[in-house]
Amino acid sequence: MTDRRLLEVKGLVKSFGGLKATNDLNFDLIEGEIHGVIGPNGAGKTTFVSQLQGQLLPDLGEILLDGEDVTRLPAHLRARRGVARSFQITSLVPSFTALANVMLAVQGGQGHSFRFWKRAWTDDALAGPAHVALATVGLDHKANAVVADLGHGECRQLELAMALAMKPRLLLLDEPMAGMGRKDGAAMTDLVARLKGRTSIVLIEHDMEAVFRLADRISVLVAGRVIKTGLPEEVRADEEVRAAYLGHSH
Amino acid sequence: MAEFDPHRPSTIDRVAPIAAIAILAAVPPVAGLLGDPFLIKVATRVVVFAIAAIGLNLVVGYAGLVSLLHAGLFGVGGYVVGVAAWHEFNGEALGLGPVAWAGTADLAITLPLAGLLAGIVALVTGVVSLRTSGPYFLMITLAFDQMLYYGAVALQKYGGEDGLQILSTITFAGRDVSARTPFFYLALTILAATVFLLGRVVGSRFGVVLRAAAENERRVTVTGIPPYAYRLTAFVVSGVVCGLAGALLASGQQFVSPADMSWVRSGDLVVMAVLGGLSTLWGPIVGAAAFVVLELVLSSWTQYWQLAFGAIIVVVVLTLRGGLADLVKLATQGRDAR
């Protein structure tokens with residue numbers, strides 16, 4: 001690990017009406033690490049990720065990507081800078097095959113798509129990397145299956161394949177194990193573990209076991225604010241965290 | 001089940017447009033054999049509306065945006081031909097600022113001009129209307145269509161509400177194409193070119209973005225592609241194609257009127273696309289043919305033909321989710337098609 005900060009978030013605030021979903025949030029991500037974000041329901045985890053990705057713009061504060069201010073940058077331009085996200089609720093193109101979905105993501109990573117002549121489906125510059133990404137997540141055997149025919153776990157894998165196909169420098173994983181059975185969840189955990197070192201990851205996850213196994217560091221989000229950042233064992237031992245979240249306070 | 005990849009057209013999607021154009025190409029000789037030249041008129045109308053419906057389908061079927069503007073764009077094309085011919089016929093130059101233009105009835109000049117002007121109108125209206133979606137997009141395109149309609153009505157010099165008769169002989173690169181058969185083949189050539197070129201477009205990276213954004217805009221955006229510019233481009237391309245179709249209709253019937261531009265006409269174009277099938281490039285050809293022929297046949301039976309026509313549309317839309325194109329697929333592929 002280089003200890004270089006890929007991402008820095010300072011004093012982030014986002015309100016919806018009277019509710020401060022993000023409330024003076026500070027956060028940083030070291031290049032190459034998996035940084036877990038945990039917190040009770042309604043702590044503002046997804047709101048936080050949406051602001052990192054650009055779908056939501058914060059009211060106050062700043063987001064620095066590689067030292068550059070991207071606070072107001074629209075989502076598609078952040079994507080060009082290597083920010084990829086998998087959604088908590090699966091977001092795919094339903095009538096496309098798995099391969100076509102990943103090809104779309106590859107296409108997004110290759111600059112503009114104002115190309116009107118060459119057939120996309122025979123373009124090896126799209127299909128090649130798409131197959132690689134599908135193989136990485138273990139879904140290559142379903143390449144030609146339409147999304148509507150895929151199981152929930154497979155859709156989650158496909159989400160991840162699409163994010164990987166963009167060759168992200170910063171991967172935002174919003175509950176990748178959500179709604180998965182034990183077996184699929186374990187497979188996904190292994191998969192994320194294999195990604196360690198290849199890219200930097202912000203991992204939001206409810207499955208404590210998975211987060212504590214995967215994360216290099218963990219931040220605890222409560223009421224829109226990070227109350228603790230540290231190594232997994234530090235977070236596990238922290239009284240305040242236990243009281244606020246883990247519920248094992250004595 | 002057969003492998004299905006939305007990137008890749010099936011065999012029938014490759015063959016059907018060629019077959020449709022071949023069938024249409026056979027109409028003039030068949031009409032000659034039957035001694036019924038009226039068939040060529042009908043086929044010309046089918047071809048012209050097929051071009052318009054294919055152009056519109058790029059926006060409705062592929063980009064998922066239902067527009068009621070396109071009869072207006074169609075009319076813009078028609079008026080380019082009409083106005084240019086009027087100036088040529090009356091020997092009165094058209095003053096365009098410092099330039100004076102004598103006008104012409106040569107389609108080699110007026111067709112590109114019609115496409116260009118319709119494209120510009122599509123660009124200006126698209127910039128505004130594509131900022132909306134769903135019912136708002138529908139309403140704003142309807143409003144723009146009404147503006148074009150009343151704009152044409154206001155052209156008192158060119159017939160106003162009564163429309164504009166084209167009295168010059170229509171030519172193409174100096175050759176007389178005003179007779180039924182040569183004009184039909186000119187229109188058919190343009191249809192074939194449209195199908196071929198748009199076939200490349202919908203299969204390209206650009207086409208993939210359009211289709212994906214229609215289904216999941218957020219996904220396309222986070223992939224690093226903002227859909228707006230792509231939709232606008234598609235809107236302009238479809239405007240150009242509709243402008244060409246409108247120019248052909250005006251030339252063919254030697255008449256253009258605001259009635260061709262009303263939003264009801266836009267609705268007809270949408271119906272052709274939906275009736276034929278939105279998910280294929282060639283569906284709108286079938287839709288346009290069905291529309292023109294049904295209109296003709298049913299209206300010869302009763303003046304309340306639209307009642308029967310409406311019932312047919314309801315049945316097609318309810319039973320065939322992919323429009324009449326689905327019927328063709330079922331007939332050629334048997335049971336496992338869909």
# chains A, B, ... in the order shown; residues from 1 in each chain; ligands from 1
call {"tool": "select_by_dssp", "arguments": {"residues": "segment 61-267 of chain B", "states": "strand (DSSP E or B)", "output": "list of chain:residue names"}}
result
B:Leu94, B:Gly95, B:Leu96, B:Val99, B:Ala100, B:Trp101, B:Asp106, B:Leu164, B:Gln165, B:Thr171, B:Phe172, B:Arg175, B:Asp176, B:Ser204, B:Phe255, B:Val256
call {"tool": "interface_residues", "arguments": {"of": "chain B", "to": "chain A", "cutoff": "12 Å", "atoms": "only C-alpha atoms", "output": "VMD selection string"}}
result
chain B and resid 1 to 9 196 to 234 237 279
call {"tool": "atom_distance", "arguments": {"atom1": "atom CA of Asp69 of chain A", "atom2": "atom CA of Ile30 of chain A"}}
result
16.6 Å
call {"tool": "closest_residue", "arguments": {"among": "A:Leu56, A:Leu203, A:Leu214, A:Leu160", "to": "Ala186 of chain A", "atoms": "only C-alpha atoms"}}
result
A:Leu214
call {"tool": "residues_around", "arguments": {"residues": "Leu60 of chain A", "least_positions_apart": "3", "cutoff": "8 Å", "atoms": "only C-alpha atoms", "output": "VMD selection string"}}
result
chain A and resid 11 to 14
call {"tool": "write_last_selection", "arguments": {"atoms": "N, CA, C and O atoms", "output": "PDB file, in the first residue's frame"}}
result
ATOM      1  N   GLY A  11     -16.141  17.478   5.374  1.00  0.00           N
ATOM      2  CA  GLY A  11     -17.299  18.256   5.819  1.00  0.00           C
ATOM      3  C   GLY A  11     -18.520  18.145   4.931  1.00  0.00           C
ATOM      4  O   GLY A  11     -19.204  19.123   4.673  1.00  0.00           O
ATOM      5  N   LEU A  12     -18.797  16.926   4.443  1.00  0.00           N
ATOM      6  CA  LEU A  12     -19.903  16.738   3.513  1.00  0.00           C
ATOM      7  C   LEU A  12     -21.256  16.859   4.221  1.00  0.00           C
ATOM      8  O   LEU A  12     -21.472  16.272   5.273  1.00  0.00           O
ATOM      9  N   VAL A  13     -22.160  17.654   3.633  1.00  0.00           N
ATOM     10  CA  VAL A  13     -23.510  17.819   4.177  1.00  0.00           C
ATOM     11  C   VAL A  13     -24.513  17.653   3.046  1.00  0.00           C
ATOM     12  O   VAL A  13     -24.343  18.216   1.962  1.00  0.00           O
ATOM     13  N   LYS A  14     -25.552  16.842   3.279  1.00  0.00           N
ATOM     14  CA  LYS A  14     -26.645  16.721   2.323  1.00  0.00           C
ATOM     15  C   LYS A  14     -27.954  16.585   3.091  1.00  0.00           C
ATOM     16  O   LYS A  14     -28.112  15.674   3.901  1.00  0.00           O
TER      17      LYS A  14
END
call {"tool": "residues_around", "arguments": {"residues": "segment 134-140 of chain A", "least_positions_apart": "5", "cutoff": "7 Å", "atoms": "only C-alpha atoms", "output": "list in words"}}
result
Gln157, Ala161 and Leu191 of chain A
call {"tool": "write_last_selection", "arguments": {"atoms": "all heavy atoms", "output": "JSON list (two decimals), in the first residue's frame"}}
result
[["chain", "number", "residue", "atom", "x", "y", "z"],
["A", 157, "GLN", "N", -23.60, -10.35, -9.54],
["A", 157, "GLN", "CA", -22.29, -10.61, -10.15],
["A", 157, "GLN", "C", -22.12, -9.79, -11.42],
["A", 157, "GLN", "O", -21.05, -9.25, -11.70],
["A", 157, "GLN", "CB", -22.16, -12.10, -10.50],
["A", 157, "GLN", "CG", -21.94, -13.00, -9.30],
["A", 157, "GLN", "CD", -22.02, -14.46, -9.72],
["A", 157, "GLN", "OE1", -23.10, -14.96, -10.01],
["A", 157, "GLN", "NE2", -20.88, -15.13, -9.76],
["A", 161, "ALA", "N", -19.39, -7.15, -12.61],
["A", 161, "ALA", "CA", -18.65, -7.29, -13.87],
["A", 161, "ALA", "C", -18.69, -5.97, -14.66],
["A", 161, "ALA", "O", -17.70, -5.55, -15.25],
["A", 161, "ALA", "CB", -19.25, -8.42, -14.71],
["A", 191, "LEU", "N", -14.98, -13.17, -4.14],
["A", 191, "LEU", "CA", -14.72, -12.37, -5.33],
["A", 191, "LEU", "C", -14.15, -11.00, -4.97],
["A", 191, "LEU", "O", -13.15, -10.56, -5.54],
["A", 191, "LEU", "CB", -16.04, -12.23, -6.11],
["A", 191, "LEU", "CG", -16.02, -11.39, -7.37],
["A", 191, "LEU", "CD1", -14.94, -11.89, -8.31],
["A", 191, "LEU", "CD2", -17.38, -11.46, -8.05]]
call {"tool": "residues_around", "arguments": {"residues": "Asp174 of chain A", "least_positions_apart": "5", "cutoff": "10 Å", "atoms": "only C-alpha atoms", "output": "number ranges by chain"}}
result
A: 37, 45-46, 49-50, 85-89, 202-206
call {"tool": "write_last_selection", "arguments": {"atoms": "N, CA and C atoms", "output": "PDB file, in the first residue's frame"}}
result
ATOM      1  N   VAL A  37     -17.678   0.562   4.952  1.00  0.00           N
ATOM      2  CA  VAL A  37     -18.519   1.556   5.618  1.00  0.00           C
ATOM      3  C   VAL A  37     -19.713   0.803   6.195  1.00  0.00           C
ATOM      4  N   LYS A  45     -25.769   5.683   4.358  1.00  0.00           N
ATOM      5  CA  LYS A  45     -24.680   5.034   3.615  1.00  0.00           C
ATOM      6  C   LYS A  45     -24.870   5.193   2.102  1.00  0.00           C
ATOM      7  N   THR A  46     -26.077   4.879   1.633  1.00  0.00           N
ATOM      8  CA  THR A  46     -26.320   4.975   0.191  1.00  0.00           C
ATOM      9  C   THR A  46     -26.264   6.426  -0.280  1.00  0.00           C
ATOM     10  N   VAL A  49     -22.642   7.222  -0.781  1.00  0.00           N
ATOM     11  CA  VAL A  49     -22.101   6.651  -2.019  1.00  0.00           C
ATOM     12  C   VAL A  49     -22.600   7.426  -3.242  1.00  0.00           C
ATOM     13  N   SER A  50     -23.875   7.808  -3.211  1.00  0.00           N
ATOM     14  CA  SER A  50     -24.443   8.546  -4.341  1.00  0.00           C
ATOM     15  C   SER A  50     -23.734   9.876  -4.555  1.00  0.00           C
ATOM     16  N   ARG A  85     -19.631   2.170  -9.939  1.00  0.00           N
ATOM     17  CA  ARG A  85     -20.492   1.840  -8.803  1.00  0.00           C
ATOM     18  C   ARG A  85     -21.362   0.635  -9.123  1.00  0.00           C
ATOM     19  N   SER A  86     -21.524  -0.237  -8.156  1.00  0.00           N
ATOM     20  CA  SER A  86     -22.575  -1.235  -8.285  1.00  0.00           C
ATOM     21  C   SER A  86     -23.683  -0.830  -7.328  1.00  0.00           C
ATOM     22  N   PHE A  87     -24.899  -0.960  -7.799  1.00  0.00           N
ATOM     23  CA  PHE A  87     -26.027  -0.427  -7.040  1.00  0.00           C
ATOM     24  C   PHE A  87     -26.550  -1.415  -6.010  1.00  0.00           C
ATOM     25  N   GLN A  88     -27.109  -0.840  -4.939  1.00  0.00           N
ATOM     26  CA  GLN A  88     -27.736  -1.666  -3.902  1.00  0.00           C
ATOM     27  C   GLN A  88     -28.920  -2.420  -4.502  1.00  0.00           C
ATOM     28  N   ILE A  89     -29.712  -1.670  -5.284  1.00  0.00           N
ATOM     29  CA  ILE A  89     -30.791  -2.296  -6.027  1.00  0.00           C
ATOM     30  C   ILE A  89     -30.281  -2.483  -7.451  1.00  0.00           C
ATOM     31  N   VAL A 202     -14.636   1.226  -1.935  1.00  0.00           N
ATOM     32  CA  VAL A 202     -15.470   1.620  -0.804  1.00  0.00           C
ATOM     33  C   VAL A 202     -16.582   0.579  -0.722  1.00  0.00           C
ATOM     34  N   LEU A 203     -16.600  -0.161   0.372  1.00  0.00           N
ATOM     35  CA  LEU A 203     -17.536  -1.279   0.491  1.00  0.00           C
ATOM     36  C   LEU A 203     -18.583  -0.977   1.557  1.00  0.00           C
ATOM     37  N   ILE A 204     -19.811  -0.864   1.109  1.00  0.00           N
ATOM     38  CA  ILE A 204     -20.917  -0.711   2.051  1.00  0.00           C
ATOM     39  C   ILE A 204     -21.587  -2.061   2.168  1.00  0.00           C
ATOM     40  N   GLU A 205     -21.729  -2.541   3.381  1.00  0.00           N
ATOM     41  CA  GLU A 205     -22.279  -3.890   3.495  1.00  0.00           C
ATOM     42  C   GLU A 205     -22.896  -4.096   4.871  1.00  0.00           C
ATOM     43  N   HIS A 206     -24.003  -4.823   4.853  1.00  0.00           N
ATOM     44  CA  HIS A 206     -24.681  -5.152   6.101  1.00  0.00           C
ATOM     45  C   HIS A 206     -24.085  -6.374   6.768  1.00  0.00           C
TER      46      HIS A 206
END
call {"tool": "residues_around", "arguments": {"residues": "segment 321-324 of chain B", "least_positions_apart": "6", "cutoff": "12 Å", "atoms": "only C-alpha atoms", "output": "NGL selection string"}}
result
:B and (61 or 271-291 or 312-315 or 330-331 or 337-338)
call {"tool": "write_last_selection", "arguments": {"atoms": "N, CA and C atoms", "output": "PDB file, in the first residue's frame"}}
result
ATOM      1  N   GLY B  61     -39.075   3.866 -31.119  1.00  0.00           N
ATOM      2  CA  GLY B  61     -38.757   2.481 -30.809  1.00  0.00           C
ATOM      3  C   GLY B  61     -37.407   2.322 -30.142  1.00  0.00           C
ATOM      4  N   VAL B 271     -48.660   5.473 -34.993  1.00  0.00           N
ATOM      5  CA  VAL B 271     -49.457   4.257 -35.159  1.00  0.00           C
ATOM      6  C   VAL B 271     -48.778   3.308 -36.154  1.00  0.00           C
ATOM      7  N   MET B 272     -48.261   3.856 -37.253  1.00  0.00           N
ATOM      8  CA  MET B 272     -47.569   3.000 -38.232  1.00  0.00           C
ATOM      9  C   MET B 272     -46.400   2.267 -37.588  1.00  0.00           C
ATOM     10  N   ALA B 273     -45.627   3.008 -36.808  1.00  0.00           N
ATOM     11  CA  ALA B 273     -44.460   2.394 -36.164  1.00  0.00           C
ATOM     12  C   ALA B 273     -44.891   1.319 -35.162  1.00  0.00           C
ATOM     13  N   VAL B 274     -45.903   1.649 -34.343  1.00  0.00           N
ATOM     14  CA  VAL B 274     -46.362   0.698 -33.326  1.00  0.00           C
ATOM     15  C   VAL B 274     -47.016  -0.515 -33.979  1.00  0.00           C
ATOM     16  N   LEU B 275     -47.840  -0.251 -34.984  1.00  0.00           N
ATOM     17  CA  LEU B 275     -48.553  -1.321 -35.690  1.00  0.00           C
ATOM     18  C   LEU B 275     -47.557  -2.294 -36.307  1.00  0.00           C
ATOM     19  N   GLY B 276     -46.497  -1.771 -36.883  1.00  0.00           N
ATOM     20  CA  GLY B 276     -45.509  -2.621 -37.543  1.00  0.00           C
ATOM     21  C   GLY B 276     -44.601  -3.320 -36.559  1.00  0.00           C
ATOM     22  N   GLY B 277     -44.264  -2.648 -35.481  1.00  0.00           N
ATOM     23  CA  GLY B 277     -43.356  -3.241 -34.499  1.00  0.00           C
ATOM     24  C   GLY B 277     -42.192  -2.321 -34.233  1.00  0.00           C
ATOM     25  N   LEU B 278     -42.073  -1.913 -32.965  1.00  0.00           N
ATOM     26  CA  LEU B 278     -41.079  -0.896 -32.610  1.00  0.00           C
ATOM     27  C   LEU B 278     -39.669  -1.453 -32.494  1.00  0.00           C
ATOM     28  N   SER B 279     -39.573  -2.770 -32.269  1.00  0.00           N
ATOM     29  CA  SER B 279     -38.263  -3.285 -31.897  1.00  0.00           C
ATOM     30  C   SER B 279     -37.424  -3.708 -33.098  1.00  0.00           C
ATOM     31  N   THR B 280     -37.971  -3.553 -34.292  1.00  0.00           N
ATOM     32  CA  THR B 280     -37.175  -3.881 -35.473  1.00  0.00           C
ATOM     33  C   THR B 280     -37.122  -2.682 -36.391  1.00  0.00           C
ATOM     34  N   LEU B 281     -36.118  -2.702 -37.261  1.00  0.00           N
ATOM     35  CA  LEU B 281     -35.961  -1.615 -38.210  1.00  0.00           C
ATOM     36  C   LEU B 281     -37.019  -1.694 -39.307  1.00  0.00           C
ATOM     37  N   TRP B 282     -37.387  -2.927 -39.660  1.00  0.00           N
ATOM     38  CA  TRP B 282     -38.277  -3.113 -40.813  1.00  0.00           C
ATOM     39  C   TRP B 282     -39.746  -3.132 -40.425  1.00  0.00           C
ATOM     40  N   GLY B 283     -40.048  -3.273 -39.135  1.00  0.00           N
ATOM     41  CA  GLY B 283     -41.442  -3.285 -38.687  1.00  0.00           C
ATOM     42  C   GLY B 283     -42.248  -2.114 -39.231  1.00  0.00           C
ATOM     43  N   PRO B 284     -41.701  -0.879 -39.140  1.00  0.00           N
ATOM     44  CA  PRO B 284     -42.457   0.266 -39.632  1.00  0.00           C
ATOM     45  C   PRO B 284     -42.801   0.202 -41.126  1.00  0.00           C
ATOM     46  N   ILE B 285     -42.020  -0.552 -41.932  1.00  0.00           N
ATOM     47  CA  ILE B 285     -42.396  -0.712 -43.347  1.00  0.00           C
ATOM     48  C   ILE B 285     -43.707  -1.474 -43.416  1.00  0.00           C
ATOM     49  N   VAL B 286     -43.778  -2.561 -42.631  1.00  0.00           N
ATOM     50  CA  VAL B 286     -45.006  -3.361 -42.582  1.00  0.00           C
ATOM     51  C   VAL B 286     -46.146  -2.498 -42.043  1.00  0.00           C
ATOM     52  N   GLY B 287     -45.837  -1.712 -40.995  1.00  0.00           N
ATOM     53  CA  GLY B 287     -46.858  -0.857 -40.392  1.00  0.00           C
ATOM     54  C   GLY B 287     -47.396   0.168 -41.380  1.00  0.00           C
ATOM     55  N   ALA B 288     -46.486   0.796 -42.123  1.00  0.00           N
ATOM     56  CA  ALA B 288     -46.915   1.810 -43.092  1.00  0.00           C
ATOM     57  C   ALA B 288     -47.767   1.171 -44.180  1.00  0.00           C
ATOM     58  N   ALA B 289     -47.353  -0.014 -44.645  1.00  0.00           N
ATOM     59  CA  ALA B 289     -48.116  -0.708 -45.680  1.00  0.00           C
ATOM     60  C   ALA B 289     -49.512  -1.047 -45.170  1.00  0.00           C
ATOM     61  N   ALA B 290     -49.557  -1.595 -43.946  1.00  0.00           N
ATOM     62  CA  ALA B 290     -50.847  -1.970 -43.374  1.00  0.00           C
ATOM     63  C   ALA B 290     -51.736  -0.740 -43.215  1.00  0.00           C
ATOM     64  N   PHE B 291     -51.131   0.344 -42.741  1.00  0.00           N
ATOM     65  CA  PHE B 291     -51.896   1.569 -42.511  1.00  0.00           C
ATOM     66  C   PHE B 291     -52.501   2.099 -43.821  1.00  0.00           C
ATOM     67  N   ILE B 312     -58.903  -2.776 -35.144  1.00  0.00           N
ATOM     68  CA  ILE B 312     -57.784  -3.595 -35.628  1.00  0.00           C
ATOM     69  C   ILE B 312     -56.508  -3.267 -34.859  1.00  0.00           C
ATOM     70  N   ILE B 313     -56.266  -1.978 -34.635  1.00  0.00           N
ATOM     71  CA  ILE B 313     -55.066  -1.581 -33.890  1.00  0.00           C
ATOM     72  C   ILE B 313     -55.085  -2.171 -32.483  1.00  0.00           C
ATOM     73  N   VAL B 314     -56.267  -2.100 -31.843  1.00  0.00           N
ATOM     74  CA  VAL B 314     -56.377  -2.638 -30.484  1.00  0.00           C
ATOM     75  C   VAL B 314     -56.025  -4.120 -30.478  1.00  0.00           C
ATOM     76  N   VAL B 315     -56.574  -4.848 -31.445  1.00  0.00           N
ATOM     77  CA  VAL B 315     -56.322  -6.295 -31.499  1.00  0.00           C
ATOM     78  C   VAL B 315     -54.832  -6.568 -31.715  1.00  0.00           C
ATOM     79  N   LEU B 330     -43.656 -15.125 -36.657  1.00  0.00           N
ATOM     80  CA  LEU B 330     -44.374 -16.345 -36.305  1.00  0.00           C
ATOM     81  C   LEU B 330     -44.608 -17.184 -37.545  1.00  0.00           C
ATOM     82  N   ALA B 331     -45.002 -16.525 -38.615  1.00  0.00           N
ATOM     83  CA  ALA B 331     -45.326 -17.242 -39.839  1.00  0.00           C
ATOM     84  C   ALA B 331     -44.088 -17.915 -40.432  1.00  0.00           C
ATOM     85  N   ALA B 337     -40.618 -18.832 -32.241  1.00  0.00           N
ATOM     86  CA  ALA B 337     -40.222 -17.447 -32.496  1.00  0.00           C
ATOM     87  C   ALA B 337     -40.757 -16.510 -31.426  1.00  0.00           C
ATOM     88  N   ARG B 338     -40.016 -15.496 -31.150  1.00  0.00           N
ATOM     89  CA  ARG B 338     -40.459 -14.354 -30.354  1.00  0.00           C
ATOM     90  C   ARG B 338     -39.313 -13.517 -29.855  1.00  0.00           C
TER      91      ARG B 338
END
call {"tool": "atom_distance", "arguments": {"atom1": "atom CA of Tyr304 of chain B", "atom2": "atom CA of Val66 of chain B"}}
result
27.1 Å
call {"tool": "atom_distance", "arguments": {"atom1": "atom CA of Leu231 of chain A", "atom2": "atom CA of Asp216 of chain A"}}
result
6.4 Å
call {"tool": "closest_residue", "arguments": {"among": "A:Val192, A:Ile63, A:Ile38, A:Met180", "to": "Thr229 of chain A", "atoms": "only C-alpha atoms"}}
result
A:Ile38
call {"tool": "select_by_dssp", "arguments": {"residues": "segment 14-246 of chain A", "states": "helix (DSSP H, G or I)", "output": "PyMOL selection string"}}
result
chain A and resi 45-53+75-80+98-108+120-122+124-136+140-142+147-149+152-165+182-195+208-214+232-237+239-246
call {"tool": "closest_residue", "arguments": {"among": "A:Pro176, A:Ala223, A:Met188, A:Asp238", "to": "Gly44 of chain A", "atoms": "only C-alpha atoms"}}
result
A:Ala223
call {"tool": "decode", "arguments": {"residues": "segment 161-168 of chain A", "atoms": "all heavy atoms", "output": "PDB file, in the first residue's frame"}}
result
ATOM      1  N   ALA A 161     -19.388  -7.145 -12.613  1.00  0.00           N
ATOM      2  CA  ALA A 161     -18.651  -7.285 -13.875  1.00  0.00           C
ATOM      3  C   ALA A 161     -18.692  -5.971 -14.659  1.00  0.00           C
ATOM      4  O   ALA A 161     -17.695  -5.546 -15.251  1.00  0.00           O
ATOM      5  CB  ALA A 161     -19.247  -8.417 -14.714  1.00  0.00           C
ATOM      6  N   MET A 162     -19.849  -5.328 -14.655  1.00  0.00           N
ATOM      7  CA  MET A 162     -19.978  -4.051 -15.374  1.00  0.00           C
ATOM      8  C   MET A 162     -19.079  -2.989 -14.756  1.00  0.00           C
ATOM      9  O   MET A 162     -18.431  -2.218 -15.456  1.00  0.00           O
ATOM     10  CB  MET A 162     -21.427  -3.578 -15.371  1.00  0.00           C
ATOM     11  CG  MET A 162     -22.339  -4.427 -16.218  1.00  0.00           C
ATOM     12  SD  MET A 162     -24.023  -3.786 -16.282  1.00  0.00           S
ATOM     13  CE  MET A 162     -23.825  -2.417 -17.418  1.00  0.00           C
ATOM     14  N   ALA A 163     -19.060  -2.957 -13.432  1.00  0.00           N
ATOM     15  CA  ALA A 163     -18.203  -1.979 -12.758  1.00  0.00           C
ATOM     16  C   ALA A 163     -16.737  -2.253 -13.076  1.00  0.00           C
ATOM     17  O   ALA A 163     -15.969  -1.337 -13.368  1.00  0.00           O
ATOM     18  CB  ALA A 163     -18.451  -2.015 -11.259  1.00  0.00           C
ATOM     19  N   LEU A 164     -16.360  -3.546 -13.072  1.00  0.00           N
ATOM     20  CA  LEU A 164     -14.963  -3.906 -13.349  1.00  0.00           C
ATOM     21  C   LEU A 164     -14.572  -3.609 -14.791  1.00  0.00           C
ATOM     22  O   LEU A 164     -13.438  -3.240 -15.077  1.00  0.00           O
ATOM     23  CB  LEU A 164     -14.736  -5.397 -13.068  1.00  0.00           C
ATOM     24  CG  LEU A 164     -14.756  -5.813 -11.603  1.00  0.00           C
ATOM     25  CD1 LEU A 164     -14.620  -7.318 -11.499  1.00  0.00           C
ATOM     26  CD2 LEU A 164     -13.630  -5.107 -10.842  1.00  0.00           C
ATOM     27  N   ALA A 165     -15.555  -3.772 -15.689  1.00  0.00           N
ATOM     28  CA  ALA A 165     -15.277  -3.555 -17.108  1.00  0.00           C
ATOM     29  C   ALA A 165     -14.880  -2.118 -17.391  1.00  0.00           C
ATOM     30  O   ALA A 165     -14.274  -1.815 -18.409  1.00  0.00           O
ATOM     31  CB  ALA A 165     -16.504  -3.929 -17.950  1.00  0.00           C
ATOM     32  N   MET A 166     -15.233  -1.229 -16.486  1.00  0.00           N
ATOM     33  CA  MET A 166     -14.864   0.181 -16.667  1.00  0.00           C
ATOM     34  C   MET A 166     -13.430   0.436 -16.187  1.00  0.00           C
ATOM     35  O   MET A 166     -12.980   1.568 -16.196  1.00  0.00           O
ATOM     36  CB  MET A 166     -15.838   1.081 -15.909  1.00  0.00           C
ATOM     37  CG  MET A 166     -17.247   1.052 -16.492  1.00  0.00           C
ATOM     38  SD  MET A 166     -18.446   1.789 -15.367  1.00  0.00           S
ATOM     39  CE  MET A 166     -17.876   3.491 -15.389  1.00  0.00           C
ATOM     40  N   LYS A 167     -12.737  -0.633 -15.776  1.00  0.00           N
ATOM     41  CA  LYS A 167     -11.381  -0.521 -15.251  1.00  0.00           C
ATOM     42  C   LYS A 167     -11.295   0.586 -14.202  1.00  0.00           C
ATOM     43  O   LYS A 167     -10.555   1.569 -14.354  1.00  0.00           O
ATOM     44  CB  LYS A 167     -10.377  -0.230 -16.367  1.00  0.00           C
ATOM     45  CG  LYS A 167     -10.255  -1.342 -17.394  1.00  0.00           C
ATOM     46  CD  LYS A 167      -8.930  -1.234 -18.084  1.00  0.00           C
ATOM     47  CE  LYS A 167      -8.738  -2.144 -19.265  1.00  0.00           C
ATOM     48  NZ  LYS A 167      -9.483  -3.357 -19.325  1.00  0.00           N
ATOM     49  N   PRO A 168     -12.082   0.455 -13.146  1.00  0.00           N
ATOM     50  CA  PRO A 168     -12.204   1.554 -12.194  1.00  0.00           C
ATOM     51  C   PRO A 168     -10.952   1.740 -11.341  1.00  0.00           C
ATOM     52  O   PRO A 168     -10.257   0.777 -11.028  1.00  0.00           O
ATOM     53  CB  PRO A 168     -13.377   1.128 -11.320  1.00  0.00           C
ATOM     54  CG  PRO A 168     -13.338  -0.355 -11.361  1.00  0.00           C
ATOM     55  CD  PRO A 168     -12.863  -0.719 -12.732  1.00  0.00           C
TER      56      PRO A 168
END
